[in-house]
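Asks: To be precise about what I am sending: the file is called model23.csv and holds CSV, C-alpha atoms and all ligand atoms.
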```
chain,number,residue,atom,x,y,z
R,24,MET,CA,-4.6,13.5,-13.7
R,25,PHE,CA,-2.0,14.7,-11.2
R,26,SER,CA,0.1,16.7,-13.8
R,27,SER,CA,-2.9,18.8,-15.0
R,28,ALA,CA,-4.1,19.3,-11.5
R,29,PHE,CA,-0.8,21.1,-10.7
R,30,SER,CA,-0.5,22.9,-14.0
R,31,ASP,CA,-0.4,26.4,-12.5
R,32,PHE,CA,2.6,25.3,-10.3
R,33,SER,CA,4.3,22.9,-12.7
R,34,GLU,CA,7.8,24.1,-11.8
R,35,PHE,CA,7.2,22.7,-8.3
R,36,VAL,CA,6.3,19.2,-9.5
R,37,SER,CA,9.1,16.6,-9.6
R,38,ASN,CA,9.2,13.1,-11.1
R,39,THR,CA,10.4,11.0,-8.2
R,40,THR,CA,12.0,8.3,-10.3
R,41,GLU,CA,14.0,10.9,-12.2
R,42,CYS,CA,15.1,12.9,-9.2
R,43,THR,CA,16.0,9.9,-7.0
R,44,GLU,CA,19.6,8.6,-7.3
R,45,LEU,CA,21.0,5.5,-5.5
R,46,GLN,CA,24.7,5.4,-5.1
R,47,LEU,CA,27.1,2.6,-4.7
R,48,GLU,CA,28.1,4.1,-7.9
R,49,PRO,CA,25.2,6.3,-9.0
R,50,PHE,CA,22.2,4.6,-10.7
R,51,LYS,CA,18.5,5.3,-11.0
R,52,PRO,CA,15.7,3.3,-9.6
R,53,GLU,CA,13.4,1.5,-12.0
R,54,PHE,CA,10.2,2.5,-10.1
R,55,THR,CA,9.3,4.8,-7.2
R,56,TYR,CA,5.5,4.3,-7.2
R,57,PRO,CA,5.5,1.9,-4.2
R,58,ILE,CA,6.8,4.9,-2.2
R,59,PHE,CA,5.5,8.1,-3.9
R,60,GLY,CA,2.3,6.7,-5.5
R,61,GLU,CA,1.1,5.8,-8.9
R,62,GLN,CA,2.1,9.0,-10.7
R,63,GLU,CA,5.7,8.9,-9.3
R,64,THR,CA,5.7,12.6,-8.7
R,65,VAL,CA,6.0,14.9,-5.6
R,66,PHE,CA,4.8,18.5,-5.4
R,67,GLY,CA,6.5,21.4,-3.8
R,68,TYR,CA,10.1,21.5,-4.9
R,69,LYS,CA,12.1,23.1,-7.8
R,70,GLY,CA,15.3,21.2,-8.8
R,71,LEU,CA,14.6,18.4,-6.4
R,72,GLN,CA,17.3,15.7,-5.9
R,73,ILE,CA,16.9,12.7,-3.6
R,74,LYS,CA,20.2,11.0,-3.0
R,75,ILE,CA,20.4,7.7,-1.3
R,76,ASN,CA,24.1,6.6,-0.9
R,77,TYR,CA,25.1,3.2,0.3
R,78,ALA,CA,28.4,1.8,1.7
R,79,SER,CA,29.0,-0.8,-1.0
R,80,GLY,CA,29.3,-3.8,1.4
R,81,SER,CA,27.6,-3.0,4.6
R,82,LEU,CA,24.9,-1.0,2.8
R,83,LYS,CA,24.9,1.7,5.6
R,84,THR,CA,22.7,4.3,4.1
R,85,TYR,CA,22.9,8.1,3.8
R,86,LEU,CA,19.9,10.2,2.6
R,87,ASN,CA,20.2,13.7,1.3
R,88,ILE,CA,17.3,15.7,-0.1
R,89,SER,CA,18.2,18.9,-1.8
R,90,TYR,CA,16.3,21.5,-3.9
R,91,LYS,CA,16.6,25.0,-5.3
R,92,GLU,CA,13.3,26.2,-4.0
R,93,LYS,CA,10.5,24.9,-1.8
R,94,PHE,CA,6.9,25.8,-2.5
R,95,ASN,CA,5.8,28.1,0.3
R,96,GLY,CA,2.9,29.9,-1.4
R,97,GLN,CA,-0.8,29.5,-1.3
R,98,GLY,CA,-2.7,27.5,-3.8
R,99,THR,CA,-5.4,25.1,-4.4
R,100,ASN,CA,-6.4,22.7,-7.1
R,101,ASP,CA,-9.3,20.2,-7.5
R,102,THR,CA,-7.5,17.9,-5.1
R,103,GLY,CA,-7.4,20.5,-2.3
R,104,VAL,CA,-4.9,22.9,-0.7
R,105,LEU,CA,-1.4,22.7,-2.2
R,106,GLU,CA,1.6,22.1,0.1
R,107,ALA,CA,5.1,20.8,-0.3
R,108,ALA,CA,5.3,17.0,0.2
R,109,ASP,CA,7.1,15.6,3.3
R,110,ILE,CA,9.7,13.6,1.3
R,111,LYS,CA,11.8,12.6,4.3
R,112,GLY,CA,8.7,11.4,6.2
R,113,THR,CA,7.5,9.4,3.3
R,114,LEU,CA,10.9,7.8,2.7
R,115,SER,CA,11.5,7.1,6.4
R,116,GLU,CA,8.8,4.4,6.3
R,117,TYR,CA,11.0,2.5,3.8
R,118,LEU,CA,14.5,3.2,4.9
R,119,PRO,CA,16.3,1.6,7.8
R,120,SER,CA,16.0,3.3,11.2
R,121,ASP,CA,19.8,3.9,11.3
R,122,VAL,CA,19.9,6.0,8.0
R,123,LEU,CA,22.5,8.7,8.2
R,124,SER,CA,22.0,12.4,7.4
R,125,ASN,CA,25.6,13.6,8.1
R,126,TYR,CA,27.8,13.1,5.0
R,127,ASP,CA,31.1,13.3,6.9
R,128,GLU,CA,30.0,10.6,9.3
R,129,PHE,CA,28.8,8.5,6.3
R,130,ILE,CA,32.2,8.8,4.6
R,131,ARG,CA,33.9,7.8,7.8
R,132,ILE,CA,31.7,4.7,8.1
R,133,VAL,CA,32.2,3.8,4.5
R,134,GLN,CA,36.0,3.8,5.0
R,135,GLU,CA,35.7,1.9,8.3
R,136,ASP,CA,33.3,-0.7,6.8
R,137,ALA,CA,35.5,-1.3,3.8
R,138,LYS,CA,38.1,-2.7,6.2
R,139,THR,CA,35.8,-4.5,8.6
R,140,PHE,CA,32.6,-5.6,6.8
R,141,LYS,CA,32.3,-9.3,6.0
R,142,PRO,CA,29.2,-11.0,4.5
R,143,LEU,CA,26.8,-12.6,7.0
R,144,GLY,CA,25.8,-16.2,6.9
R,145,GLU,CA,27.3,-19.3,5.4
R,146,LYS,CA,29.3,-19.3,2.2
R,147,MET,CA,27.6,-21.5,-0.4
R,148,SER,CA,29.6,-21.0,-3.5
R,149,GLU,CA,32.1,-18.9,-5.3
R,150,TYR,CA,32.8,-18.1,-8.9
R,151,LYS,CA,35.2,-16.0,-11.0
R,152,VAL,CA,34.5,-13.7,-13.9
R,153,GLU,CA,37.2,-12.7,-16.4
R,154,THR,CA,37.1,-9.0,-17.4
R,155,GLU,CA,37.7,-7.7,-20.9
R,156,ASP,CA,41.3,-6.8,-19.9
R,157,GLY,CA,42.0,-10.3,-18.8
R,158,ASP,CA,41.7,-9.7,-15.0
R,159,GLU,CA,39.8,-12.1,-12.8
R,160,GLU,CA,37.0,-10.9,-10.5
R,161,GLN,CA,35.9,-13.0,-7.5
R,162,TYR,CA,32.3,-13.4,-6.4
R,163,GLU,CA,30.8,-15.3,-3.4
R,164,ILE,CA,27.2,-16.4,-2.6
R,165,TYR,CA,26.1,-16.6,1.0
R,166,ARG,CA,23.0,-18.0,2.6
R,167,THR,CA,21.3,-16.5,5.7
R,168,THR,CA,17.9,-16.6,7.5
R,169,PHE,CA,16.2,-14.1,9.8
R,170,SER,CA,17.3,-16.2,12.8
R,171,ASN,CA,20.5,-14.2,12.5
R,172,THR,CA,19.6,-10.9,14.1
R,173,LYS,CA,22.5,-9.0,12.6
R,174,PHE,CA,21.2,-10.1,9.2
R,175,ARG,CA,17.8,-8.6,10.0
R,176,SER,CA,19.4,-5.2,10.2
R,177,TYR,CA,21.3,-5.9,7.0
R,178,HIS,CA,18.1,-6.9,5.3
R,179,ASP,CA,16.4,-3.7,6.5
R,180,ARG,CA,19.0,-1.8,4.4
R,181,MET,CA,18.9,-4.0,1.3
R,182,GLN,CA,15.1,-4.5,1.0
R,183,LEU,CA,14.5,-1.1,-0.5
R,184,PHE,CA,16.2,-2.4,-3.7
R,185,ALA,CA,13.3,-4.9,-4.2
R,186,LEU,CA,10.7,-2.1,-4.2
R,187,LEU,CA,12.8,0.1,-6.5
R,188,PHE,CA,13.7,-2.7,-9.0
R,189,ILE,CA,11.1,-5.5,-8.9
R,190,GLU,CA,7.7,-4.5,-10.2
R,191,GLY,CA,4.9,-5.3,-7.8
R,192,SER,CA,7.2,-6.4,-5.0
R,193,SER,CA,6.6,-5.7,-1.3
R,194,TYR,CA,8.6,-6.2,1.9
R,195,ILE,CA,8.8,-9.7,3.3
R,196,ASP,CA,8.1,-10.6,7.0
R,197,ASN,CA,11.5,-10.5,8.7
R,198,GLU,CA,10.1,-12.3,11.7
R,199,ASP,CA,9.5,-15.4,9.7
R,200,GLU,CA,12.7,-17.5,10.1
R,201,LYS,CA,11.7,-19.8,7.3
R,202,TRP,CA,12.8,-17.3,4.6
R,203,GLU,CA,16.2,-18.2,3.0
R,204,ILE,CA,18.1,-15.3,1.7
R,205,TYR,CA,21.0,-15.7,-0.7
R,206,THR,CA,23.3,-12.7,-1.1
R,207,VAL,CA,26.0,-12.2,-3.8
R,208,PHE,CA,29.2,-10.2,-3.1
R,209,GLU,CA,32.1,-9.2,-5.2
R,210,LYS,CA,35.3,-9.9,-3.2
R,211,GLN,CA,38.4,-7.8,-3.7
R,212,GLY,CA,41.6,-9.0,-2.2
R,213,GLN,CA,42.3,-12.1,-0.1
R,214,ASN,CA,41.8,-13.4,3.4
R,215,GLU,CA,41.3,-10.9,6.3
R,216,SER,CA,42.0,-7.9,4.1
R,217,ALA,CA,39.3,-8.8,1.5
R,218,VAL,CA,36.8,-6.0,0.8
R,219,TYR,CA,33.2,-7.0,-0.1
R,220,HIS,CA,30.7,-5.3,-2.4
R,221,PHE,CA,27.0,-6.1,-2.5
R,222,VAL,CA,25.9,-7.4,-6.0
R,223,GLY,CA,22.4,-8.7,-5.5
R,224,TYR,CA,20.2,-11.2,-3.7
R,225,CYS,CA,17.4,-13.7,-3.8
R,226,THR,CA,14.8,-14.6,-1.2
R,227,ALA,CA,13.2,-18.0,-1.2
R,228,TYR,CA,10.5,-19.6,0.8
R,229,PRO,CA,9.8,-23.3,1.6
R,230,PHE,CA,6.2,-24.3,1.2
R,231,PHE,CA,4.8,-27.5,2.5
R,232,CYS,CA,4.0,-29.9,-0.3
R,233,TRP,CA,1.7,-32.8,0.7
R,234,PRO,CA,2.4,-35.4,2.1
R,235,GLU,CA,6.0,-34.9,3.2
R,236,ASN,CA,7.9,-32.6,0.8
R,237,ILE,CA,8.8,-29.0,0.3
R,238,ARG,CA,8.3,-26.8,-2.7
R,239,MET,CA,11.0,-24.1,-2.8
R,240,ARG,CA,9.7,-20.8,-4.2
R,241,ILE,CA,12.0,-18.0,-5.4
R,242,SER,CA,10.3,-14.8,-4.4
R,243,GLN,CA,12.6,-11.8,-5.1
R,244,PHE,CA,15.5,-12.1,-7.4
R,245,LEU,CA,17.7,-9.0,-8.0
R,246,ILE,CA,21.1,-8.1,-9.4
R,247,LEU,CA,21.9,-4.4,-9.0
R,248,PRO,CA,22.2,-2.3,-12.2
R,249,PRO,CA,26.0,-1.9,-12.1
R,250,TYR,CA,26.3,-5.7,-12.1
R,251,GLN,CA,23.6,-6.6,-14.6
R,252,LYS,CA,24.2,-8.5,-17.8
R,253,GLN,CA,27.5,-9.8,-16.7
R,254,GLY,CA,26.3,-13.4,-15.9
R,255,HIS,CA,25.6,-12.9,-12.1
R,256,GLY,CA,21.9,-13.7,-12.5
R,257,ASN,CA,22.9,-17.0,-14.2
R,258,SER,CA,25.4,-17.8,-11.4
R,259,LEU,CA,22.9,-17.1,-8.7
R,260,TYR,CA,20.2,-19.1,-10.4
R,261,GLN,CA,22.5,-22.1,-11.0
R,262,THR,CA,23.7,-22.0,-7.4
R,263,LEU,CA,20.1,-21.9,-6.1
R,264,TYR,CA,19.0,-24.7,-8.5
R,265,CYS,CA,21.9,-26.9,-7.3
R,266,ILE,CA,21.3,-26.2,-3.5
R,267,PHE,CA,17.5,-26.7,-3.7
R,268,THR,CA,17.3,-29.7,-5.9
R,269,THR,CA,20.0,-31.7,-4.1
R,270,ARG,CA,17.9,-31.5,-0.9
R,271,ASN,CA,15.9,-34.7,-0.6
R,272,GLU,CA,12.9,-33.1,0.9
R,273,VAL,CA,12.6,-30.5,-1.9
R,274,CYS,CA,10.3,-31.8,-4.7
R,275,GLU,CA,10.0,-28.7,-6.8
R,276,LEU,CA,11.5,-25.3,-7.5
R,277,THR,CA,8.9,-22.6,-8.3
R,278,VAL,CA,9.0,-18.9,-8.9
R,279,GLU,CA,6.6,-16.2,-7.7
R,280,ASP,CA,5.4,-13.9,-10.5
R,281,PRO,CA,8.5,-14.0,-12.8
R,282,ASN,CA,8.8,-11.1,-15.1
R,283,GLU,CA,10.0,-11.4,-18.7
R,284,GLU,CA,13.7,-10.9,-18.0
R,285,PHE,CA,13.7,-13.5,-15.2
R,286,SER,CA,11.7,-16.0,-17.3
R,287,ASN,CA,14.3,-15.6,-20.0
R,288,LEU,CA,17.1,-16.2,-17.5
R,289,ARG,CA,15.2,-19.2,-16.0
R,290,ASP,CA,14.4,-20.8,-19.5
R,291,LYS,CA,18.0,-20.5,-20.6
R,292,ASN,CA,19.4,-22.0,-17.5
R,293,ASP,CA,16.8,-24.8,-17.2
R,294,MET,CA,17.5,-25.7,-20.9
R,295,ARG,CA,21.2,-25.9,-20.2
R,296,ILE,CA,20.6,-28.2,-17.2
R,297,LEU,CA,18.3,-30.4,-19.2
R,298,ARG,CA,20.6,-30.6,-22.2
R,299,ASP,CA,23.7,-31.3,-20.0
R,300,GLN,CA,21.8,-34.2,-18.4
R,301,HIS,CA,20.6,-35.5,-21.8
R,302,ALA,CA,17.0,-35.1,-20.7
R,303,PHE,CA,15.8,-34.7,-24.3
R,304,GLN,CA,17.5,-37.8,-25.7
R,305,GLY,CA,15.3,-39.6,-28.2
R,306,LEU,CA,12.4,-37.1,-27.5
R,307,GLN,CA,9.9,-36.7,-30.3
R,308,ALA,CA,6.4,-35.1,-30.6
R,309,PRO,CA,3.9,-36.0,-29.3
R,310,VAL,CA,5.7,-36.4,-25.9
R,311,PRO,CA,3.8,-38.9,-23.7
R,312,GLU,CA,2.4,-37.7,-20.3
R,313,GLU,CA,4.6,-40.2,-18.4
R,314,LYS,CA,7.7,-38.7,-19.9
R,315,ILE,CA,6.7,-35.2,-18.8
R,316,LYS,CA,6.0,-36.5,-15.3
R,317,GLU,CA,9.3,-38.4,-15.2
R,318,LEU,CA,11.3,-35.3,-16.2
R,319,GLN,CA,9.4,-33.2,-13.7
R,320,LYS,CA,10.2,-35.5,-10.9
R,321,ARG,CA,13.8,-36.0,-11.9
R,322,PHE,CA,14.7,-32.3,-12.4
R,323,LYS,CA,12.3,-30.9,-9.8
R,324,LEU,CA,10.9,-28.2,-12.1
R,325,THR,CA,7.3,-27.3,-12.3
R,326,GLU,CA,5.1,-29.2,-14.8
R,327,ARG,CA,4.5,-25.9,-16.7
R,328,GLN,CA,8.3,-25.2,-16.9
R,329,ILE,CA,9.1,-28.8,-18.1
R,330,ARG,CA,6.4,-28.5,-20.8
R,331,ARG,CA,7.9,-25.1,-21.8
R,332,CYS,CA,11.4,-26.5,-22.1
R,333,VAL,CA,10.2,-29.6,-24.0
R,334,GLU,CA,8.4,-27.3,-26.4
R,335,MET,CA,11.5,-25.2,-26.8
R,336,TYR,CA,13.6,-28.3,-27.5
R,337,LEU,CA,11.1,-29.6,-30.1
R,338,LEU,CA,10.9,-26.2,-31.8
R,339,SER,CA,14.7,-26.0,-31.9
R,340,LYS,CA,14.9,-29.3,-33.7
R,341,LEU,CA,12.5,-28.0,-36.4
R,342,ASN,CA,14.7,-25.0,-37.1
N,401,LIG,N1,16.2,-9.0,-21.2
N,401,LIG,C1,16.4,-10.1,-21.9
N,401,LIG,N2,17.3,-11.0,-21.5
N,401,LIG,C2,18.1,-10.8,-20.5
N,401,LIG,C3,18.0,-9.6,-19.8
N,401,LIG,C4,17.0,-8.6,-20.2
N,401,LIG,N3,16.8,-7.5,-19.5
N,401,LIG,N4,18.9,-9.6,-18.8
N,401,LIG,C5,19.6,-10.7,-18.9
N,401,LIG,N5,19.1,-11.4,-19.9
N,401,LIG,C6,19.6,-12.7,-20.4
N,401,LIG,C7,21.0,-12.7,-20.8
N,401,LIG,O1,21.2,-12.5,-22.2
N,401,LIG,C8,21.6,-14.0,-20.3
N,401,LIG,O2,21.5,-15.0,-21.3
N,401,LIG,P1,22.7,-16.0,-21.6
N,401,LIG,O3,22.8,-16.9,-20.5
N,401,LIG,O4,22.3,-16.7,-22.9
N,401,LIG,O5,23.9,-15.1,-21.8
N,401,LIG,C9,20.6,-14.4,-19.2
N,401,LIG,O6,19.5,-13.6,-19.3
N,401,LIG,C10,21.2,-14.1,-17.8
N,401,LIG,O7,22.0,-12.9,-17.9
N,401,LIG,P2,22.8,-12.4,-16.6
N,401,LIG,O8,23.8,-11.4,-17.0
N,401,LIG,O9,23.2,-13.5,-15.8
N,401,LIG,O10,21.5,-11.6,-15.9
N,401,LIG,P3,21.6,-10.5,-14.9
N,401,LIG,O11,22.7,-10.7,-13.9
N,401,LIG,O12,21.6,-9.2,-15.6
N,401,LIG,O13,20.2,-10.7,-14.1
N,401,LIG,C11,18.0,-9.9,-13.8
N,401,LIG,C12,19.0,-10.6,-14.8
N,401,LIG,C13,17.9,-10.8,-12.6
N,401,LIG,C14,16.6,-9.9,-14.5
N,401,LIG,C15,18.5,-8.5,-13.5
N,401,LIG,O14,18.5,-7.8,-14.7
N,401,LIG,C16,17.7,-7.8,-12.5
N,401,LIG,O15,17.8,-7.9,-11.3
N,401,LIG,N6,16.7,-6.9,-12.9
N,401,LIG,C17,15.9,-6.1,-12.1
N,401,LIG,C18,15.0,-6.8,-11.1
N,401,LIG,C19,14.2,-7.9,-11.8
N,401,LIG,O16,13.6,-7.7,-12.8
N,401,LIG,N7,14.2,-9.1,-11.1
N,401,LIG,C20,13.4,-10.2,-11.5
N,401,LIG,C21,12.0,-10.0,-11.1
N,401,LIG,S1,11.1,-11.5,-11.1
N,401,LIG,C22,11.4,-12.2,-9.5
N,401,LIG,O17,12.0,-11.6,-8.7
N,401,LIG,C23,11.0,-13.6,-9.3
```
Would you give me this structure, written as structure tokens?
Replies:
Amino acid sequence: MFSSAFSDFSEFVSNTTECTELQLEPFKPEFTYPIFGEQETVFGYKGLQIKINYASGSLKTYLNISYKEKFNGQGTNDTGVLEAADIKGTLSEYLPSDVLSNYDEFIRIVQEDAKTFKPLGEKMSEYKVETEDGDEEQYEIYRTTFSNTKFRSYHDRMQLFALLFIEGSSYIDNEDEKWEIYTVFEKQGQNESAVYHFVGYCTAYPFFCWPENIRMRISQFLILPPYQKQGHGNSLYQTLYCIFTTRNEVCELTVEDPNEEFSNLRDKNDMRILRDQHAFQGLQAPVPEEKIKELQKRFKLTERQIRRCVEMYLLSKLN
């Protein structure tokens, strides 16, 4: 085990998930193992802090690595000679090439970008959220592809969030212009002076479906921690469902490796859609195969998801 191997120098071992802080407002990553390895630890620093700050709209990135003491001594363990890890080098593989290391310059850019940054791509929808004190917040959803070269740079900045928050995710090919990327922004103010803050995003890929259709697959779906559990996941999913299923060529909406939280969100929203459209009217067990096929075709959900929803409906009738 990594921890016992370094037991003589345990003060120099840092848990990388604990000591990394992402800041729009400060929040912690969920995982750091895609970057720092399975054990999520680095050796060689006392009091290590890794700060990754983002401009809240443009996502211009500032990296600061600080520590109280760096391991400079001699030592070995059963994995070899001990030396302090190259944290900046390791992180640089995952951060955008234009990452800033000068804090004053970063602050200057944050202030400038707050005035000038506008979301890239085509606005697809907008929604409002009422806060507890009765104010209204505005949100907008944009669609982009990698054919927009400015967006490629933007995606270079936002893709780290997928590694840090979606278990098992990896970077997608930004040369492939078939990817569709949907971004969610909070909009403060109106018209030209509106300021935008990044909320979350979803990537989706169109797969060919024989003989002449497309199966749209949601790949990465993420709402940043400061915005979670406020209904944004629901709004993004509903917008995507509406966009994809109203395209004639799309025959099905699928999801790549959904986790439990996403499956929950998907089930709740699919059930709302099916109920609103009276899909379950007169439905009783056992449900004929033709009915499953009919619902699947009409609502463009996978067969498995339709069966799941039908089962949930039948169970809800029993209770
Ligand atoms: N556990 C259980 N239920 C949840 C959770 C949770 N952690 N989060 C939200 N829900 C439920 C809510 O109760 C809500 O139900 P309701 O409609 O009856 O009120 C519904 O799911 C949606 O809630 P939202 O507030 O709209 O969800 P949120 O904006 O927080 O987004 C998401 C949920 C996407 C899972 C978000 O927490 C997130 O990005 N997490 C980190 C990344 C992640 O796990 N992404 C999904 C990976 S799978 C994939 O990418 C295909």
Asks: What separation in Å, quoted to one decimal, exists between atom CA of Asn292 of chain R and atom C10 of ligand LIG 401 (chain N)?
Replies: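 Computing it gives 8.1 Å between the two atoms.
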Asks: Hey, which of R:Lys291, R:Lys69, R:Lys111, R:Lys51 ends up closest to ligand LIG 401 (chain N)? Count all atoms listed in the file.
Replies: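 Closest to ligand LIG 401 (chain N) of all the choices is R:Lys291.
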Asks: What does the list of residues within 7 Å of ligand LIG 401 (chain N) look like if you count only C-alpha atoms and all ligand atoms, written as a list in words?
Replies: Phe188, Ile189, Ile241, Ser242, Gln243, Phe244, Leu245, Ile246, Leu247, Tyr250, Gln251, Lys252, Gln253, Gly254, His255, Gly256, Asn257, Ser258, Val278, Glu279, Asp280, Pro281, Asn282, Glu284, Phe285, Asn287, Leu288, Lys291 and Asn292 of chain R
Asks: Between R:Cys332, R:Leu276, R:Ile195, R:Ile73, which residue has the minimum interatomic distance to Ile296 of chain R, considering all atoms listed in the file?
Replies: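 Comparing R:Cys332, R:Leu276, R:Ile195, R:Ile73 against Ile296 of chain R, the winner is R:Cys332.
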Asks: Just checking: using only C-alpha atoms, which residue out of R:Arg330, R:Thr64, R:Ala78, R:Ser148 ends up closest to Asp293 of chain R?
Replies: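 Closest to Asp293 of chain R of all the choices is R:Arg330.
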Asks: Between atom CA of Arg298 of chain R and atom CA of Lys340 of chain R, measure the distance and give it in Å to one decimal.
Replies: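 Separation of atom CA of Arg298 of chain R and atom CA of Lys340 of chain R: 12.9 Å.
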Asks: Which residues are near Gln211 of chain R? Cut-off 12 Å, all atoms listed in the file, ignore same chain within fewer than 2 positions. Put them as a PyMOL selection string.
Replies: chain R and resi 80+137-138+141+151+158-163+208-209+213-221
Asks: Using all atoms listed in the file, can you tell me which of R:Cys42, R:Met181, R:Ile58, R:Cys225 comes closest to Tyr77 of chain R?
Replies: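 Using all atoms listed in the file, Tyr77 of chain R sits closest to R:Met181.
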Asks: Work out how far apart atom CA of Arg295 of chain R and atom CA of Cys232 of chain R are and give it in Å to one decimal.
Replies: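 Interatomic distance, atom CA of Arg295 of chain R to atom CA of Cys232 of chain R: 26.6 Å.
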Asks: When you count all atoms listed in the file, which of these residues is closest to Phe54 of chain R: R:Ala185, R:Gly112, R:Asp136, R:Phe29?
Replies: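 Once distances to Phe54 of chain R are computed over all atoms listed in the file, the minimum belongs to R:Ala185.
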Asks: Find the residues around Phe322 of chain R up to 9 Å (all atoms listed in the file counted), leave out those fewer than 3 positions away in its own chain, and share them as number ranges by chain.
Replies: R: 268, 274-275, 296-297, 317-319, 325, 329
Asks: Out of R:Ser170, R:Ser120, R:Ser79, R:Thr55, which residue has the shortest atom-to-atom distance to Lys210 of chain R when counting all atoms listed in the file?
Replies: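 Comparing R:Ser170, R:Ser120, R:Ser79, R:Thr55 against Lys210 of chain R, the winner is R:Ser79.
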Asks: With all atoms listed in the file as the counted atoms, please give the residues lying no more than 10 Å from Glu200 of chain R, apart from itself and same-chain residues fewer than 4 positions off, as a PyMOL selection string.
Replies: chain R and resi 167-171+196+228
